[in-house]
Amino acid sequence: MSYQNISAEISSETIEFLIQKVKEMEEKLPFVINLTPEEIRSLPKMGDKSIPFVEKAMEYAARFPQFLPAYVDLAELKKDLELARKLKMLLNVLEPLTEKVKDTWLEAGAEAYSAARVFYKSTRNAIKSGVPGADTVADELGERFGRKSQGIPGEEKT
C-alpha cells in the first residue's frame, strides 16, 4: 500500500457543496441514461479506433447519398457522434477523480476497520487478563464476527 495513514477531514458543508455541484451537472445533462448490464453487453462499442470508421462512413454517406438507407438519418448520425465525443471528454475528466475518491474511500475505510479490529482484539486480550467489563465490549463487537467471548471462568459478566 502506497497511501497509508490518510489523515484528512472533509466538512459537511464541503460535502453538501460538492453534492450540489454534481446535481447541477446532472441537470445540465437531462438526457443521460442508465443501462442494464444486459443492455450494455448487447450494444456495439465505439472505441477510439472506431471513430475514424464512423467519420469516414459519414463522409461517404454525405458524398454518396444513394447508398444511405432511408431509415438512417445522417444529421442524427452527426449529432450522435458529436455527443459521443463531448461525453468522452467529460468522462476523461470525471473518471480519474471518481477513481481517486473511490480509492481514498477504500483506504480510509480500511484504516478505520483495521484500527477497530485492533481495538476488538485488545478487548479479547483484556478478557484473558481479567479486566472487568472487557467481555461486555468484546461480546458486542464480536457480534460482527458471530463470536461471543469466553469470559473468565468463575467470573460473572458485568
# chains A, B, ... in the order shown; residues from 1 in each chain; ligands from 1

$ residues_around --residues "segment 36-50 of chain A" --least-positions-apart "4" --cutoff "12 Å" --atoms "only C-alpha atoms" --output "tab-separated table (two decimals) with N, CA and C atoms, in the first residue's frame"
chain	number	residue	atom	x	y	z
A	54	VAL	N	-16.40	5.70	-38.25
A	54	VAL	CA	-17.69	6.41	-38.23
A	54	VAL	C	-17.56	7.71	-39.02
A	55	GLU	N	-16.46	8.42	-38.82
A	55	GLU	CA	-16.25	9.68	-39.55
A	55	GLU	C	-16.20	9.42	-41.06
A	56	LYS	N	-15.48	8.39	-41.46
A	56	LYS	CA	-15.35	8.06	-42.89
A	56	LYS	C	-16.72	7.67	-43.46
A	57	ALA	N	-17.48	6.89	-42.70
A	57	ALA	CA	-18.82	6.48	-43.14
A	57	ALA	C	-19.72	7.70	-43.32
A	80	ASP	N	-25.11	12.32	-32.99
A	80	ASP	CA	-24.70	11.26	-32.07
A	80	ASP	C	-23.19	11.20	-31.90
A	81	LEU	N	-22.47	11.33	-33.01
A	81	LEU	CA	-21.01	11.30	-32.93
A	81	LEU	C	-20.49	12.47	-32.12
A	84	ALA	N	-21.15	11.83	-28.51
A	84	ALA	CA	-20.22	10.82	-28.00
A	84	ALA	C	-18.84	11.43	-27.73
A	85	ARG	N	-18.38	12.29	-28.63
A	85	ARG	CA	-17.07	12.94	-28.44
A	85	ARG	C	-17.06	13.81	-27.18
A	88	LYS	N	-17.18	11.77	-24.03
A	88	LYS	CA	-15.88	11.16	-23.78
A	88	LYS	C	-14.94	12.16	-23.13

$ residues_around --residues "segment 95-106 of chain A" --least-positions-apart "5" --cutoff "10 Å" --atoms "only C-alpha atoms" --output "PyMOL selection string"
chain A and resi 3+6+90+111-112

$ residues_around --residues "Asn125 of chain A" --least-positions-apart "2" --cutoff "12 Å" --atoms "only C-alpha atoms" --output "ChimeraX atom specification"
/A:118-123,127-132,134-135,137-138,149-152

$ write_last_selection --atoms "C-alpha atoms" --output "PDB file, in the first residue's frame"
ATOM      1  CA  VAL A 118      -7.076  -3.938  16.762  1.00  0.00           C
ATOM      2  CA  PHE A 119      -9.300  -2.474  19.477  1.00  0.00           C
ATOM      3  CA  TYR A 120     -11.541  -5.555  19.387  1.00  0.00           C
ATOM      4  CA  LYS A 121      -8.525  -7.849  19.687  1.00  0.00           C
ATOM      5  CA  SER A 122      -7.359  -5.739  22.622  1.00  0.00           C
ATOM      6  CA  THR A 123     -10.688  -6.284  24.401  1.00  0.00           C
ATOM      7  CA  ILE A 127     -10.677 -10.648  28.990  1.00  0.00           C
ATOM      8  CA  LYS A 128      -7.766 -13.082  29.241  1.00  0.00           C
ATOM      9  CA  SER A 129      -6.112 -10.690  31.685  1.00  0.00           C
ATOM     10  CA  GLY A 130      -9.273 -10.474  33.773  1.00  0.00           C
ATOM     11  CA  VAL A 131     -10.069  -6.818  33.079  1.00  0.00           C
ATOM     12  CA  PRO A 132     -13.629  -6.127  34.296  1.00  0.00           C
ATOM     13  CA  ALA A 134     -13.925  -6.263  28.706  1.00  0.00           C
ATOM     14  CA  ASP A 135     -16.198  -9.210  27.988  1.00  0.00           C
ATOM     15  CA  VAL A 137     -17.370  -4.811  24.943  1.00  0.00           C
ATOM     16  CA  ALA A 138     -15.885  -7.867  23.235  1.00  0.00           C
ATOM     17  CA  SER A 149     -16.277 -14.001  24.459  1.00  0.00           C
ATOM     18  CA  GLN A 150     -15.343 -16.955  26.589  1.00  0.00           C
ATOM     19  CA  GLY A 151     -15.246 -14.792  29.660  1.00  0.00           C
ATOM     20  CA  ILE A 152     -13.131 -15.726  32.665  1.00  0.00           C
TER      21      ILE A 152
END

$ decode --residues "segment 44-148 of chain A" --atoms "C-alpha atoms" --output "mmCIF file, in the first residue's frame"
data_model
loop_
_atom_site.group_PDB
_atom_site.id
_atom_site.type_symbol
_atom_site.label_atom_id
_atom_site.label_comp_id
_atom_site.auth_asym_id
_atom_site.auth_seq_id
_atom_site.Cartn_x
_atom_site.Cartn_y
_atom_site.Cartn_z
ATOM 1 C CA PRO A 44 -21.862 -2.371 -30.297
ATOM 2 C CA LYS A 45 -18.979 -0.466 -28.697
ATOM 3 C CA MET A 46 -17.373 2.563 -30.313
ATOM 4 C CA GLY A 47 -13.835 2.993 -29.092
ATOM 5 C CA ASP A 48 -11.059 5.300 -30.192
ATOM 6 C CA LYS A 49 -10.289 3.078 -33.188
ATOM 7 C CA SER A 50 -13.936 3.105 -34.329
ATOM 8 C CA ILE A 51 -14.215 6.893 -34.513
ATOM 9 C CA PRO A 52 -12.294 7.197 -37.822
ATOM 10 C CA PHE A 53 -14.570 4.495 -39.288
ATOM 11 C CA VAL A 54 -17.687 6.412 -38.228
ATOM 12 C CA GLU A 55 -16.246 9.676 -39.553
ATOM 13 C CA LYS A 56 -15.353 8.064 -42.887
ATOM 14 C CA ALA A 57 -18.823 6.479 -43.144
ATOM 15 C CA MET A 58 -20.438 9.882 -42.501
ATOM 16 C CA GLU A 59 -18.223 11.478 -45.113
ATOM 17 C CA TYR A 60 -19.101 8.867 -47.716
ATOM 18 C CA ALA A 61 -22.801 8.943 -46.814
ATOM 19 C CA ALA A 62 -22.820 12.690 -47.471
ATOM 20 C CA ARG A 63 -20.981 12.250 -50.800
ATOM 21 C CA PHE A 64 -22.949 9.196 -51.903
ATOM 22 C CA PRO A 65 -26.479 9.600 -50.510
ATOM 23 C CA GLN A 66 -27.798 6.941 -52.882
ATOM 24 C CA PHE A 67 -26.194 4.324 -50.616
ATOM 25 C CA LEU A 68 -27.719 5.756 -47.454
ATOM 26 C CA PRO A 69 -30.746 3.730 -46.334
ATOM 27 C CA ALA A 70 -33.871 5.829 -45.814
ATOM 28 C CA TYR A 71 -34.023 4.796 -42.158
ATOM 29 C CA VAL A 72 -30.531 6.211 -41.405
ATOM 30 C CA ASP A 73 -30.697 9.915 -40.587
ATOM 31 C CA LEU A 74 -27.315 11.456 -41.469
ATOM 32 C CA ALA A 75 -27.964 14.563 -39.377
ATOM 33 C CA GLU A 76 -28.753 12.343 -36.367
ATOM 34 C CA LEU A 77 -25.595 10.307 -37.011
ATOM 35 C CA LYS A 78 -23.518 13.504 -36.917
ATOM 36 C CA LYS A 79 -25.314 14.629 -33.771
ATOM 37 C CA ASP A 80 -24.703 11.255 -32.066
ATOM 38 C CA LEU A 81 -21.005 11.295 -32.930
ATOM 39 C CA GLU A 82 -20.587 14.833 -31.603
ATOM 40 C CA LEU A 83 -22.401 13.904 -28.402
ATOM 41 C CA ALA A 84 -20.219 10.819 -28.003
ATOM 42 C CA ARG A 85 -17.073 12.943 -28.441
ATOM 43 C CA LYS A 86 -18.152 15.512 -25.858
ATOM 44 C CA LEU A 87 -19.260 12.872 -23.355
ATOM 45 C CA LYS A 88 -15.877 11.157 -23.777
ATOM 46 C CA MET A 89 -14.176 14.464 -22.955
ATOM 47 C CA LEU A 90 -16.306 14.696 -19.818
ATOM 48 C CA LEU A 91 -15.531 11.092 -18.894
ATOM 49 C CA ASN A 92 -11.816 11.771 -19.311
ATOM 50 C CA VAL A 93 -12.121 14.455 -16.626
ATOM 51 C CA LEU A 94 -14.541 12.658 -14.297
ATOM 52 C CA GLU A 95 -13.109 9.134 -14.269
ATOM 53 C CA PRO A 96 -9.727 9.994 -12.689
ATOM 54 C CA LEU A 97 -11.471 11.990 -9.946
ATOM 55 C CA THR A 98 -14.030 9.235 -9.356
ATOM 56 C CA GLU A 99 -11.237 6.672 -9.137
ATOM 57 C CA LYS A 100 -9.300 8.830 -6.647
ATOM 58 C CA VAL A 101 -12.405 9.368 -4.492
ATOM 59 C CA LYS A 102 -13.164 5.643 -4.533
ATOM 60 C CA ASP A 103 -9.576 4.649 -3.747
ATOM 61 C CA THR A 104 -9.356 7.186 -0.927
ATOM 62 C CA TRP A 105 -12.693 5.912 0.448
ATOM 63 C CA LEU A 106 -11.370 2.342 0.335
ATOM 64 C CA GLU A 107 -8.121 3.314 2.088
ATOM 65 C CA ALA A 108 -9.826 5.441 4.768
ATOM 66 C CA GLY A 109 -12.318 2.633 5.397
ATOM 67 C CA ALA A 110 -9.538 0.067 5.593
ATOM 68 C CA GLU A 111 -7.660 2.191 8.109
ATOM 69 C CA ALA A 112 -10.769 2.679 10.255
ATOM 70 C CA TYR A 113 -11.727 -1.011 10.075
ATOM 71 C CA SER A 114 -8.176 -2.135 10.877
ATOM 72 C CA ALA A 115 -8.000 0.138 13.916
ATOM 73 C CA ALA A 116 -11.394 -1.107 15.113
ATOM 74 C CA ARG A 117 -10.219 -4.726 14.746
ATOM 75 C CA VAL A 118 -7.076 -3.938 16.762
ATOM 76 C CA PHE A 119 -9.300 -2.474 19.477
ATOM 77 C CA TYR A 120 -11.541 -5.555 19.387
ATOM 78 C CA LYS A 121 -8.525 -7.849 19.687
ATOM 79 C CA SER A 122 -7.359 -5.739 22.622
ATOM 80 C CA THR A 123 -10.688 -6.284 24.401
ATOM 81 C CA ARG A 124 -10.348 -10.029 23.863
ATOM 82 C CA ASN A 125 -6.837 -9.888 25.357
ATOM 83 C CA ALA A 126 -8.202 -7.830 28.249
ATOM 84 C CA ILE A 127 -10.677 -10.648 28.990
ATOM 85 C CA LYS A 128 -7.766 -13.082 29.241
ATOM 86 C CA SER A 129 -6.112 -10.690 31.685
ATOM 87 C CA GLY A 130 -9.273 -10.474 33.773
ATOM 88 C CA VAL A 131 -10.069 -6.818 33.079
ATOM 89 C CA PRO A 132 -13.629 -6.127 34.296
ATOM 90 C CA GLY A 133 -16.101 -5.119 31.580
ATOM 91 C CA ALA A 134 -13.925 -6.263 28.706
ATOM 92 C CA ASP A 135 -16.198 -9.210 27.988
ATOM 93 C CA THR A 136 -19.208 -6.914 27.511
ATOM 94 C CA VAL A 137 -17.370 -4.811 24.943
ATOM 95 C CA ALA A 138 -15.885 -7.867 23.235
ATOM 96 C CA ASP A 139 -19.282 -9.580 23.068
ATOM 97 C CA GLU A 140 -20.940 -6.597 21.457
ATOM 98 C CA LEU A 141 -18.141 -6.043 18.962
ATOM 99 C CA GLY A 142 -17.850 -9.789 18.384
ATOM 100 C CA GLU A 143 -21.387 -9.879 17.004
ATOM 101 C CA ARG A 144 -19.819 -8.636 13.764
ATOM 102 C CA PHE A 145 -17.907 -11.906 13.572
ATOM 103 C CA GLY A 146 -20.592 -14.114 15.130
ATOM 104 C CA ARG A 147 -18.484 -14.632 18.264
ATOM 105 C CA LYS A 148 -19.069 -14.440 21.981
#
